[in-house]
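**Q** Just so it is clear, I am handing over final18.cif, which has mmCIF, C-alpha atoms.
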```
data_final
#
loop_
_atom_site.label_atom_id
_atom_site.label_comp_id
_atom_site.auth_asym_id
_atom_site.auth_seq_id
_atom_site.Cartn_x
_atom_site.Cartn_y
_atom_site.Cartn_z
CA MET A 1 98.93 99.98 136.40
CA GLN A 2 99.45 98.63 139.87
CA LEU A 3 98.76 95.56 141.96
CA GLU A 4 95.44 95.61 143.75
CA PRO A 5 95.97 96.59 147.39
CA HIS A 6 93.52 93.87 148.35
CA PHE A 7 95.57 91.28 146.58
CA LEU A 8 98.67 92.28 148.51
CA PHE A 9 96.72 92.28 151.75
CA ASN A 10 95.22 88.83 151.14
CA THR A 11 98.56 87.43 150.08
CA LEU A 12 100.35 88.68 153.17
CA ASN A 13 97.57 87.25 155.34
CA ALA A 14 97.93 83.93 153.62
CA ILE A 15 101.70 83.95 154.17
CA THR A 16 101.21 84.76 157.86
CA THR A 17 98.85 81.82 158.12
CA LEU A 18 101.27 79.46 156.42
CA VAL A 19 104.06 80.51 158.77
CA GLU A 20 101.83 80.07 161.81
CA LEU A 21 100.84 76.64 160.61
CA ASP A 22 104.48 75.64 160.18
CA ARG A 23 104.11 75.29 156.45
CA GLN A 24 107.39 77.05 155.74
CA SER A 25 108.03 75.70 152.27
CA GLN A 26 104.64 76.85 151.04
CA ALA A 27 105.15 80.23 152.68
CA ALA A 28 108.55 80.59 151.04
CA GLU A 29 107.08 79.58 147.70
CA MET A 30 104.36 82.19 148.01
CA LEU A 31 106.89 84.85 148.96
CA GLY A 32 108.86 83.85 145.86
CA HIS A 33 105.83 84.40 143.64
CA LEU A 34 105.07 87.71 145.28
CA ASN A 35 108.69 88.72 144.89
CA VAL A 36 108.58 88.11 141.14
CA MET A 37 105.38 90.09 140.83
CA LEU A 38 106.69 93.07 142.78
CA LYS A 39 109.97 93.01 140.90
CA ARG A 40 108.24 92.97 137.51
CA THR A 41 105.92 95.73 138.64
CA LEU A 42 108.83 97.94 139.62
CA ASP A 43 110.78 97.11 136.44
CA ARG A 44 108.05 98.17 134.11
CA THR A 45 107.13 101.67 133.15
CA THR A 46 103.50 101.77 132.26
CA PRO A 47 103.15 102.70 128.60
CA GLU A 48 105.37 99.89 127.49
CA LYS A 49 105.06 96.62 125.72
CA VAL A 50 106.55 93.36 126.91
CA SER A 51 106.67 89.91 125.40
CA LEU A 52 103.67 87.71 126.00
CA ALA A 53 106.04 85.28 127.72
CA GLN A 54 106.86 87.93 130.32
CA GLU A 55 103.24 88.87 130.76
CA LEU A 56 102.34 85.21 131.27
CA GLU A 57 105.03 84.89 133.91
CA MET A 58 103.22 87.59 135.86
CA VAL A 59 99.90 85.81 135.46
CA GLU A 60 101.33 82.44 136.44
CA ASN A 61 102.83 83.86 139.62
CA TYR A 62 99.58 85.54 140.41
CA LEU A 63 97.58 82.36 139.86
CA ALA A 64 100.02 80.31 141.93
CA ILE A 65 99.35 82.63 144.86
CA GLU A 66 95.60 82.49 144.42
CA GLN A 67 95.77 78.73 144.19
CA VAL A 68 97.16 78.54 147.71
CA ARG A 69 94.28 80.67 148.98
CA PHE A 70 91.54 78.81 147.15
CA ALA A 71 93.21 75.39 147.16
CA ASP A 72 91.08 72.81 145.37
CA ARG A 73 88.46 75.41 144.51
CA LEU A 74 90.56 77.00 141.78
CA ARG A 75 91.52 75.16 138.62
CA VAL A 76 93.82 76.84 136.17
CA ASP A 77 94.29 75.96 132.54
CA ILE A 78 96.74 77.96 130.42
CA LYS A 79 97.30 77.03 126.78
CA VAL A 80 99.70 79.10 124.75
CA ASP A 81 100.85 78.53 121.22
CA PRO A 82 104.68 78.73 121.35
CA ALA A 83 104.63 80.98 118.27
CA ALA A 84 102.63 83.52 120.27
CA LEU A 85 105.13 83.78 123.14
CA HIS A 86 107.39 86.23 121.30
CA SER A 87 104.62 88.62 120.50
CA LEU A 88 104.56 92.00 122.19
CA VAL A 89 101.60 92.97 124.35
CA PRO A 90 101.01 96.02 126.56
CA CYS A 91 102.44 95.24 129.98
CA PHE A 92 99.91 94.28 132.64
CA LEU A 93 97.41 93.41 129.93
CA LEU A 94 96.37 90.03 131.26
CA GLN A 95 96.79 90.17 135.00
CA PRO A 96 93.79 92.45 135.74
CA ILE A 97 91.61 90.32 133.49
CA VAL A 98 92.61 87.14 135.28
CA GLU A 99 92.12 88.89 138.62
CA ASN A 100 88.60 89.84 137.55
CA ALA A 101 87.94 86.29 136.42
CA ILE A 102 88.79 85.02 139.89
CA ARG A 103 87.00 87.71 141.84
CA HIS A 104 83.76 87.48 139.92
CA GLY A 105 83.91 83.83 138.99
CA VAL A 106 85.68 81.42 141.27
CA ALA A 107 85.20 83.49 144.42
CA ASN A 108 81.44 83.29 143.83
CA CYS A 109 81.29 79.58 143.06
CA GLU A 110 80.23 77.13 145.74
CA GLY A 111 82.26 74.38 144.16
CA ALA A 112 85.40 74.51 142.10
CA GLY A 113 85.87 77.23 139.52
CA THR A 114 88.10 77.30 136.50
CA VAL A 115 90.16 80.03 134.92
CA GLU A 116 91.25 79.34 131.38
CA ALA A 117 93.65 81.44 129.37
CA SER A 118 94.82 80.81 125.85
CA ALA A 119 96.84 82.68 123.26
CA LYS A 120 97.65 81.90 119.68
CA ARG A 121 99.17 83.53 116.63
CA ASP A 122 96.86 83.71 113.67
CA GLY A 123 98.87 85.10 110.73
CA SER A 124 99.41 88.76 111.51
CA ARG A 125 97.11 88.68 114.53
CA LEU A 126 97.50 87.63 118.14
CA ARG A 127 94.35 86.25 119.74
CA ILE A 128 94.00 85.95 123.48
CA LEU A 129 91.09 84.44 125.38
CA VAL A 130 90.43 84.45 129.12
CA ARG A 131 87.44 82.57 130.46
CA ASN A 132 86.10 81.66 133.83
CA SER A 133 83.43 79.31 134.98
CA GLY A 134 81.10 80.97 137.35
CA PRO A 135 77.57 81.58 138.41
CA THR A 136 75.19 82.27 135.55
CA GLN A 137 74.57 85.78 134.37
CA LYS A 138 71.43 86.26 136.45
CA THR A 139 73.17 85.97 139.77
CA ARG A 140 75.86 88.52 139.12
CA GLY A 141 75.87 92.27 138.83
CA THR A 142 76.70 94.23 135.75
CA ALA A 143 79.87 92.86 134.30
CA GLY A 144 82.45 94.62 132.21
CA LYS A 145 82.17 97.84 134.16
CA GLY A 146 84.93 97.08 136.59
CA ILE A 147 87.91 99.40 136.64
CA GLY A 148 90.09 96.55 135.43
CA LEU A 149 88.25 96.02 132.18
CA LYS A 150 87.67 99.72 131.58
CA ASN A 151 91.42 100.26 131.89
CA THR A 152 92.10 97.40 129.53
CA ARG A 153 89.74 98.84 126.97
CA GLU A 154 91.40 102.26 127.17
CA ARG A 155 94.90 100.89 127.01
CA LEU A 156 94.14 98.75 123.97
CA ALA A 157 92.68 101.82 122.26
CA TYR A 158 95.84 103.74 123.13
CA PHE A 159 98.28 101.10 121.87
CA TYR A 160 96.33 99.91 118.84
CA PRO A 161 94.01 102.65 117.65
CA ASN A 162 91.56 101.11 115.18
CA GLU A 163 93.41 97.84 114.91
CA HIS A 164 92.25 95.84 117.87
CA ALA A 165 89.14 94.05 119.02
CA PHE A 166 88.08 93.65 122.64
CA ASN A 167 85.00 91.62 123.42
CA VAL A 168 83.58 90.76 126.78
CA GLY A 169 80.52 88.66 127.27
CA PRO A 170 78.79 85.93 129.26
CA LEU A 171 79.06 82.30 128.25
CA HIS A 172 76.02 80.09 127.89
CA SER A 173 77.56 77.63 130.29
CA GLY A 174 77.81 80.32 132.98
CA GLY A 175 80.96 82.30 133.45
CA PHE A 176 82.51 84.96 131.31
CA GLU A 177 84.82 85.38 128.38
CA VAL A 178 87.21 88.17 127.46
CA ALA A 179 88.56 88.06 123.91
CA ILE A 180 91.42 90.24 122.72
CA ASP A 181 92.61 90.49 119.16
CA VAL A 182 95.67 92.65 118.42
CA PRO A 183 98.34 92.83 115.72
CA PHE A 184 101.15 90.31 116.10
CA GLU A 185 104.36 92.22 116.76
CA CYS A 186 107.57 90.26 117.22
CA ALA A 187 109.56 91.00 120.36
CA GLY A 188 112.70 90.35 118.27
CA MET B 1 82.03 72.63 179.44
CA LYS B 2 82.97 72.31 175.79
CA LEU B 3 81.90 75.00 173.36
CA LYS B 4 80.57 73.31 170.26
CA THR B 5 81.94 75.54 167.55
CA LEU B 6 81.26 75.90 163.85
CA ILE B 7 83.61 77.65 161.44
CA ALA B 8 82.25 78.99 158.15
CA ASP B 9 84.56 80.48 155.54
CA ASP B 10 84.90 79.81 151.84
CA GLU B 11 88.70 80.02 151.83
CA PRO B 12 90.43 76.85 153.03
CA LEU B 13 93.41 78.74 154.39
CA ALA B 14 91.21 81.11 156.37
CA ARG B 15 89.40 78.15 157.96
CA GLU B 16 92.69 76.55 158.79
CA ARG B 17 93.99 79.68 160.46
CA LEU B 18 90.88 80.14 162.57
CA ARG B 19 90.97 76.48 163.58
CA PHE B 20 94.60 76.94 164.57
CA LEU B 21 93.87 80.08 166.61
CA LEU B 22 90.90 78.46 168.32
CA SER B 23 92.94 75.39 169.20
CA ALA B 24 94.67 77.54 171.84
CA ASP B 25 91.46 77.43 173.86
CA LYS B 26 90.87 74.00 175.35
CA GLU B 27 87.15 74.64 175.83
CA VAL B 28 86.58 75.10 172.12
CA GLU B 29 85.57 72.00 170.24
CA ILE B 30 85.17 72.45 166.49
CA VAL B 31 82.25 70.29 165.48
CA SER B 32 82.05 71.28 161.84
CA GLU B 33 83.55 73.45 159.12
CA CYS B 34 81.47 74.91 156.33
CA ARG B 35 82.40 76.39 152.97
CA ASN B 36 79.21 78.22 152.09
CA GLY B 37 75.91 79.44 153.47
CA ARG B 38 74.02 76.32 152.45
CA GLU B 39 76.34 74.10 154.48
CA VAL B 40 76.01 76.38 157.52
CA VAL B 41 72.22 76.17 157.46
CA ALA B 42 72.38 72.38 157.22
CA ALA B 43 75.02 72.06 159.96
CA VAL B 44 73.16 74.30 162.42
CA ARG B 45 69.93 72.37 161.87
CA ASP B 46 71.72 69.06 162.08
CA GLN B 47 73.44 69.33 165.45
CA PRO B 48 73.59 71.50 168.55
CA VAL B 49 76.03 74.36 168.02
CA ASP B 50 77.03 76.87 170.72
CA VAL B 51 79.15 79.27 168.71
CA LEU B 52 79.32 80.13 165.04
CA PHE B 53 82.20 82.01 163.41
CA LEU B 54 80.60 83.24 160.24
CA ASP B 55 82.36 84.79 157.26
CA ILE B 56 80.07 87.38 155.73
CA GLN B 57 81.10 87.00 152.09
CA MET B 58 80.66 83.47 150.91
CA PRO B 59 79.53 82.17 147.55
CA SER B 60 75.81 81.95 146.79
CA SER B 61 74.53 83.07 150.18
CA SER B 62 76.07 85.59 152.53
CA GLY B 63 76.32 85.37 156.31
CA PHE B 64 73.26 87.58 156.57
CA ASP B 65 71.25 85.24 154.34
CA VAL B 66 72.18 82.41 156.68
CA ILE B 67 70.68 84.24 159.67
CA GLU B 68 67.58 85.04 157.71
CA GLU B 69 67.13 81.43 156.70
CA ILE B 70 67.76 79.89 160.12
CA GLY B 71 65.94 82.64 162.00
CA ALA B 72 67.63 84.92 164.52
CA ALA B 73 66.07 83.10 167.48
CA GLN B 74 67.47 79.73 166.38
CA MET B 75 70.98 81.04 165.76
CA PRO B 76 73.89 79.98 167.94
CA VAL B 77 75.96 82.80 169.48
CA THR B 78 77.34 84.34 166.29
CA VAL B 79 80.63 86.09 165.63
CA PHE B 80 81.02 87.67 162.22
CA VAL B 81 84.36 87.48 160.46
CA THR B 82 85.15 89.60 157.44
CA ALA B 83 87.91 91.35 155.57
CA HIS B 84 85.93 94.58 155.39
CA ASN B 85 84.55 96.62 158.22
CA HIS B 86 81.75 98.26 156.29
CA PHE B 87 79.46 95.41 157.35
CA ALA B 88 79.81 96.24 161.06
CA LEU B 89 76.52 98.09 161.36
CA LYS B 90 74.57 95.35 159.64
CA ALA B 91 76.33 92.71 161.74
CA PHE B 92 75.22 94.28 165.01
CA GLU B 93 71.72 94.78 163.66
CA ALA B 94 71.75 91.04 162.97
CA GLN B 95 72.46 90.55 166.70
CA ALA B 96 76.03 89.38 166.23
CA LEU B 97 77.89 89.06 169.50
CA ASP B 98 81.08 90.34 167.96
CA TYR B 99 82.67 91.32 164.70
CA LEU B 100 86.21 90.30 163.78
CA THR B 101 88.16 91.73 160.86
CA LYS B 102 90.74 89.67 159.02
CA PRO B 103 93.49 89.04 159.71
CA ILE B 104 92.17 87.96 163.08
CA GLU B 105 94.52 88.92 165.89
CA PRO B 106 94.95 86.20 168.53
CA GLU B 107 94.48 88.66 171.46
CA ARG B 108 91.33 90.03 169.91
CA LEU B 109 89.97 86.52 169.45
CA GLN B 110 90.66 85.74 173.10
CA GLY B 111 88.53 88.74 174.07
CA THR B 112 85.78 87.47 171.81
CA LEU B 113 85.89 84.02 173.42
CA VAL B 114 85.54 85.57 176.87
CA ARG B 115 82.40 87.36 175.71
CA VAL B 116 81.10 84.22 174.02
CA LYS B 117 81.46 82.28 177.25
CA GLU B 118 79.79 85.03 179.28
CA ARG B 119 76.91 85.08 176.86
CA ILE B 120 76.49 81.33 176.96
CA ALA B 121 76.73 81.27 180.75
CA SER B 122 74.11 83.99 181.09
CA LYS B 123 71.98 82.21 178.52
CA SER B 124 72.07 78.95 180.43
CA ALA B 125 71.44 80.87 183.65
CA LEU B 126 68.52 82.49 181.90
CA ILE B 127 67.26 79.12 180.77
CA ALA B 128 67.49 77.72 184.32
CA HIS B 129 65.74 80.83 185.61
CA GLU B 130 63.21 80.56 182.80
CA GLN B 131 62.48 76.93 183.58
CA LEU B 132 61.95 77.72 187.24
CA LYS B 133 59.69 80.57 186.30
CA THR B 134 57.70 78.39 183.95
CA ILE B 135 57.21 75.84 186.70
CA LEU B 136 56.11 78.53 189.13
CA GLU B 137 53.83 80.08 186.59
CA GLY B 138 52.50 76.66 185.75
CA LEU B 139 51.61 76.29 189.43
CA ARG B 140 49.98 79.70 189.37
CA GLY B 141 48.43 79.10 186.00
CA VAL B 142 49.87 82.13 184.24
CA ALA B 143 52.54 82.35 181.66
CA GLN B 144 54.25 85.50 180.52
CA PRO B 145 56.54 85.60 177.57
CA GLU B 146 60.04 86.78 178.40
CA LYS B 147 60.99 89.92 176.51
CA THR B 148 64.57 90.70 175.58
CA TYR B 149 66.04 94.15 175.41
CA PRO B 150 69.00 95.58 173.50
CA ARG B 151 72.26 95.86 175.44
CA ARG B 152 73.85 98.45 173.22
CA LEU B 153 73.00 101.05 170.62
CA LEU B 154 74.80 101.74 167.40
CA VAL B 155 75.20 105.43 166.62
CA ARG B 156 76.31 106.82 163.31
CA ASN B 157 79.19 109.23 163.79
CA GLY B 158 80.54 110.50 160.46
CA PRO B 159 82.15 107.63 158.61
CA LYS B 160 82.18 105.43 161.72
CA ASP B 161 79.53 103.72 163.77
CA VAL B 162 80.01 103.91 167.50
CA VAL B 163 78.83 101.13 169.76
CA VAL B 164 77.33 102.60 172.93
CA PRO B 165 76.65 100.07 175.71
CA LEU B 166 73.28 100.98 177.23
CA GLU B 167 74.58 100.54 180.76
CA ASP B 168 76.93 103.48 180.14
CA VAL B 169 74.14 105.83 179.10
CA ASP B 170 73.27 108.31 181.90
CA TRP B 171 70.21 109.79 180.31
CA ILE B 172 68.61 110.41 176.95
CA GLU B 173 67.26 113.71 175.75
CA ALA B 174 64.64 114.23 173.05
CA ALA B 175 65.79 116.24 170.03
CA ASP B 176 63.06 116.17 167.38
CA TYR B 177 63.68 113.14 165.21
CA TYR B 178 66.81 112.33 167.16
CA SER B 179 67.60 111.23 170.66
CA CYS B 180 70.68 112.62 172.32
CA LEU B 181 72.49 109.97 174.39
CA HIS B 182 74.38 111.47 177.33
CA VAL B 183 77.25 109.12 178.12
CA GLY B 184 79.60 110.55 180.73
CA ALA B 185 81.16 113.62 179.17
CA LYS B 186 80.13 112.56 175.66
CA ASN B 187 76.95 113.04 173.69
CA TYR B 188 75.75 110.94 170.76
CA MET B 189 72.91 111.73 168.41
CA LEU B 190 70.88 108.64 167.59
CA ARG B 191 68.53 108.92 164.64
CA GLU B 192 65.47 107.68 166.46
CA PRO B 193 62.75 109.76 168.14
CA ILE B 194 62.64 109.40 171.93
CA LYS B 195 59.15 107.90 171.91
CA GLN B 196 60.21 105.09 169.62
CA LEU B 197 63.44 104.51 171.53
CA ALA B 198 61.63 104.41 174.89
CA ALA B 199 59.47 101.55 173.67
CA THR B 200 62.48 99.34 172.96
CA LEU B 201 64.38 99.84 176.23
CA ASP B 202 64.19 97.65 179.34
CA PRO B 203 61.57 99.32 181.58
CA ALA B 204 63.34 97.95 184.66
CA ARG B 205 66.44 99.99 183.78
CA PHE B 206 65.25 102.98 181.75
CA VAL B 207 62.37 105.21 182.70
CA ARG B 208 60.86 108.03 180.72
CA VAL B 209 60.57 110.63 183.44
CA HIS B 210 59.35 113.30 181.10
CA ARG B 211 58.20 113.70 177.51
CA SER B 212 61.72 114.84 176.67
CA ALA B 213 63.87 112.64 178.89
CA ILE B 214 64.68 109.01 179.68
CA VAL B 215 66.92 108.23 182.66
CA ASN B 216 69.04 105.24 183.51
CA ILE B 217 67.66 104.20 186.89
CA GLY B 218 71.12 103.24 188.05
CA GLN B 219 72.20 106.86 187.63
CA VAL B 220 69.40 108.39 189.70
CA ARG B 221 70.68 109.86 192.97
CA GLU B 222 67.67 111.83 194.22
CA ILE B 223 64.05 112.38 193.44
CA VAL B 224 62.94 115.91 194.23
CA ARG B 225 59.31 116.81 194.79
CA GLU B 226 58.23 120.25 193.66
CA GLY B 227 54.52 120.45 194.30
CA ARG B 228 51.72 118.04 193.45
CA SER B 229 52.43 117.16 189.89
CA GLU B 230 55.90 118.39 189.21
CA GLY B 231 59.23 117.00 190.27
CA ALA B 232 62.79 116.43 189.24
CA VAL B 233 65.42 113.74 189.34
CA VAL B 234 69.04 114.41 190.13
CA LEU B 235 71.62 112.11 188.55
CA GLN B 236 74.90 110.92 190.07
CA ASN B 237 76.71 113.56 188.04
CA GLY B 238 74.52 116.35 189.44
CA GLN B 239 72.45 116.74 186.30
CA ARG B 240 68.89 117.76 187.19
CA LEU B 241 66.02 116.66 184.94
CA ARG B 242 62.37 117.67 184.98
CA MET B 243 59.91 114.94 185.80
CA SER B 244 56.23 114.72 184.95
CA LYS B 245 53.59 113.10 187.14
CA VAL B 246 53.40 110.05 184.91
CA GLY B 247 57.20 109.87 184.87
CA TRP B 248 57.26 110.03 188.65
CA HIS B 249 54.87 107.12 189.02
CA THR B 250 56.75 105.02 186.49
CA LEU B 251 60.03 105.77 188.21
CA LEU B 252 58.65 104.88 191.64
CA ALA B 253 57.21 101.63 190.32
CA ALA B 254 60.49 100.74 188.62
CA THR B 255 62.74 101.61 191.58
CA ARG B 256 60.76 99.27 193.80
CA THR B 257 61.69 96.25 191.75
#
```
Rewrite the structure of this file - the entire thing - as structure tokens.

**A**
Amino acid sequence: MQLEPHFLFNTLNAITTLVELDRQSQAAEMLGHLNVMLKRTLDRTTPEKVSLAQELEMVENYLAIEQVRFADRLRVDIKVDPAALHSLVPCFLLQPIVENAIRHGVANCEGAGTVEASAKRDGSRLRILVRNSGPTQKTRGTAGKGIGLKNTRERLAYFYPNEHAFNVGPLHSGGFEVAIDVPFECAG
Amino acid sequence: MKLKTLIADDEPLARERLRFLLSADKEVEIVSECRNGREVVAAVRDQPVDVLFLDIQMPSSSGFDVIEEIGAAQMPVTVFVTAHNHFALKAFEAQALDYLTKPIEPERLQGTLVRVKERIASKSALIAHEQLKTILEGLRGVAQPEKTYPRRLLVRNGPKDVVVPLEDVDWIEAADYYSCLHVGAKNYMLREPIKQLAATLDPARFVRVHRSAIVNIGQVREIVREGRSEGAVVLQNGQRLRMSKVGWHTLLAATRT
């Protein structure tokens, strides 16, 4: 799993812009987020699990960067049950899904778009939801065929053969939902 | 003269950067900023705009949709801006003056502004000329619509598209469904039969001297007569091309103007 080259390219452009515009503190903040993401990426070896807390850190840094690019057009809402934070998940599980949610949702919205992520422990299961608001199904191409989601599907099958659920589908309100259901494993 | 400029990009930071880069040019006056295609259409219809910097990928309607909706003839001088260069061909087909890839380099933008100003100057010269002509024609009682001709051709060359300015083309040779553009020491194969191509070129600058050849009048050095109906033209570079009787007459008529 790797960071999208486009993401890196857009982020560096954004940092250049911030520096040119004399917005040093924002530029430094963005570099900080990028730094965390690169560091985590280098630290991890792919077939590995990390705590949900660590995975969320990646996602939060990613979203913070995108929020500078999209400004008031991107709203982020993350709700995580504290009991779920210690659960193990495959590393880089969420970031591609959130990336997809932005690329296909918010980036295509004229107005503001929302990305919502939630996770909770339900007995022996961990349930994760990622949703975006976006244009209705008619105006978008075939969803769920992107490399990101195909990878996710394969990796879940690799880590949890026959004991996971992965559902992707449009929402009535417009937008998309990705639902993941895996066994709760304590990070210890 | 101030250039009334419109910036259209869906990303706030991208708009800010372009505004910043454009602020280096005192002639540029940003009259409006738009976040999507709908706003561009409204802004162009709402006020006079000289130049439009148009991001191709915007939510709900792309830069190309904007041109379609406003109509190419009503568009301000348009410069496309995009992160990807695979839209270049389509951009030039849509009559864009220029095509900038992100991140926009300040030097590159300066070059673009020079071309924008040239275009606007020649446009206003054309309008003045046009107005004079209309008055004269009004006096004479005839009116002829002004036709515009392409200034460059876009030729597919493997994974790239090459922009060939027409003024650089020495002559064009027929090659079945293709036309071979002879440009100095280079040749380009354009996927368009010579007959079709001939119809789109400015007759005051390009003459079909033979079924299989079009010449750039500016490149003609000599006209050689070889009997009653046959002849040849010799180009500046020494290239000799056969000329038919019809071609000869057209060339003579065109060189007189």

**Q** Take the PyMOL selection byres ((chain A) within 12 of (chain B)), run it mentally on this structure, and tell me the resulting residues as a ChimeraX atom specification.

**A** /A:6-7,9-23,26-27,65-74,103-113,134-136,139-140

**Q** Could you list the residues chosen by the PyMOL selection byres ((chain A and resi 91) around 12) in this structure as a ChimeraX atom specification?

**A** /A:1-2,40-59,87-90,92-96,152,155-156,159

**Q** Would you mind reading off the distance between CA of Ala84 in chain A and CA of Ala119 in chain A, one decimal, in Å?

**A**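 Between these atoms lies a distance of 6.6 Å.
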
**Q** Decode the PyMOL selection byres ((chain B and resi 247) around 9) for the given file into explicit residues and return them as a PDB file with C-alpha atoms, keeping the file's coordinate frame.

**A**
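Wrote out-v7.pdb, looks like this:
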```
ATOM      1  CA  VAL B 207      62.370 105.210 182.700  1.00  0.00           C
ATOM      2  CA  ARG B 208      60.860 108.030 180.720  1.00  0.00           C
ATOM      3  CA  VAL B 209      60.570 110.630 183.440  1.00  0.00           C
ATOM      4  CA  HIS B 210      59.350 113.300 181.100  1.00  0.00           C
ATOM      5  CA  ARG B 211      58.200 113.700 177.510  1.00  0.00           C
ATOM      6  CA  MET B 243      59.910 114.940 185.800  1.00  0.00           C
ATOM      7  CA  SER B 244      56.230 114.720 184.950  1.00  0.00           C
ATOM      8  CA  LYS B 245      53.590 113.100 187.140  1.00  0.00           C
ATOM      9  CA  VAL B 246      53.400 110.050 184.910  1.00  0.00           C
ATOM     10  CA  TRP B 248      57.260 110.030 188.650  1.00  0.00           C
ATOM     11  CA  HIS B 249      54.870 107.120 189.020  1.00  0.00           C
ATOM     12  CA  THR B 250      56.750 105.020 186.490  1.00  0.00           C
ATOM     13  CA  LEU B 251      60.030 105.770 188.210  1.00  0.00           C
ATOM     14  CA  LEU B 252      58.650 104.880 191.640  1.00  0.00           C
TER      15      LEU B 252
END
```

**Q** Point out the residue among B:Leu190, B:Ala42, B:Ile67, B:Leu109 with the least atom-to-atom distance to Leu153 in chain B, counting all atoms listed in the file.

**A** B:Leu190

**Q** Select, counting all atoms listed in the file, all protein, DNA and RNA residues no farther than 10 Å from (89.7, 96.6, 116.4) in file coordinates, and express the selection as a PyMOL selection string.

**A** chain A and resi 156-157+160-167+180-183

**Q** Could you work out how far CA of Leu22 in chain B lies from CA of Cys34 in chain B, giving the answer in Å with one decimal?

**A** 15.7 Å

**Q** What is the distance, in Å and to one decimal place, between CA of Leu129 in chain A and CA of Asn35 in chain A?

**A**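 Straight-line distance from CA of Leu129 in chain A to CA of Asn35 in chain A works out to 26.6 Å.
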
**Q** Near range 163-173 of chain B, within 10 Å and counting all atoms listed in the file, which residues show up once chain neighbours fewer than 6 positions away are dropped, as JSON, numbers by chain?

**A** {"B": [89, 92, 150, 151, 152, 153, 154, 155, 156, 179, 180, 181, 182, 183, 184, 185, 186, 187, 188, 189, 190, 193, 194, 197, 198, 201, 202, 205, 206, 207, 208, 210, 211, 212, 213, 214, 215, 216, 217, 218, 219, 220, 235, 236, 237, 239, 241]}

**Q** Let me have the centre and edge lengths in Å, one decimal, of the box along x, y and z around every listed atom of range 208-216 of chain B with 5 Å of margin on each side, as JSON.

**A**
```
{"center_x": 63.6, "center_y": 110.0, "center_z": 180.1, "size_x": 20.8, "size_y": 19.6, "size_z": 16.8}
```

**Q** Using all atoms listed in the file, which residues sit within 12 Å of Gly63 in chain B once same-chain residues fewer than 4 positions away are excluded, as a PyMOL selection string?

**A** chain B and resi 7-10+34-41+52-59+67-70+72+75+78-82+87+90-91+94+96

**Q** Enumerate, as an mmCIF file with C-alpha atoms, in the coordinates of the input, the protein, DNA and RNA residues whose atoms approach (82.4, 72.5, 164.3) to within 8 Å, taking into account all atoms listed in the file and the coordinate frame of the file.

**A**
```
data_model
loop_
_atom_site.group_PDB
_atom_site.id
_atom_site.type_symbol
_atom_site.label_atom_id
_atom_site.label_comp_id
_atom_site.auth_asym_id
_atom_site.auth_seq_id
_atom_site.Cartn_x
_atom_site.Cartn_y
_atom_site.Cartn_z
ATOM 1 C CA LYS B 4 80.570 73.310 170.260
ATOM 2 C CA THR B 5 81.940 75.540 167.550
ATOM 3 C CA LEU B 6 81.260 75.900 163.850
ATOM 4 C CA ILE B 7 83.610 77.650 161.440
ATOM 5 C CA GLU B 29 85.570 72.000 170.240
ATOM 6 C CA ILE B 30 85.170 72.450 166.490
ATOM 7 C CA VAL B 31 82.250 70.290 165.480
ATOM 8 C CA SER B 32 82.050 71.280 161.840
ATOM 9 C CA GLU B 33 83.550 73.450 159.120
ATOM 10 C CA VAL B 49 76.030 74.360 168.020
#
```
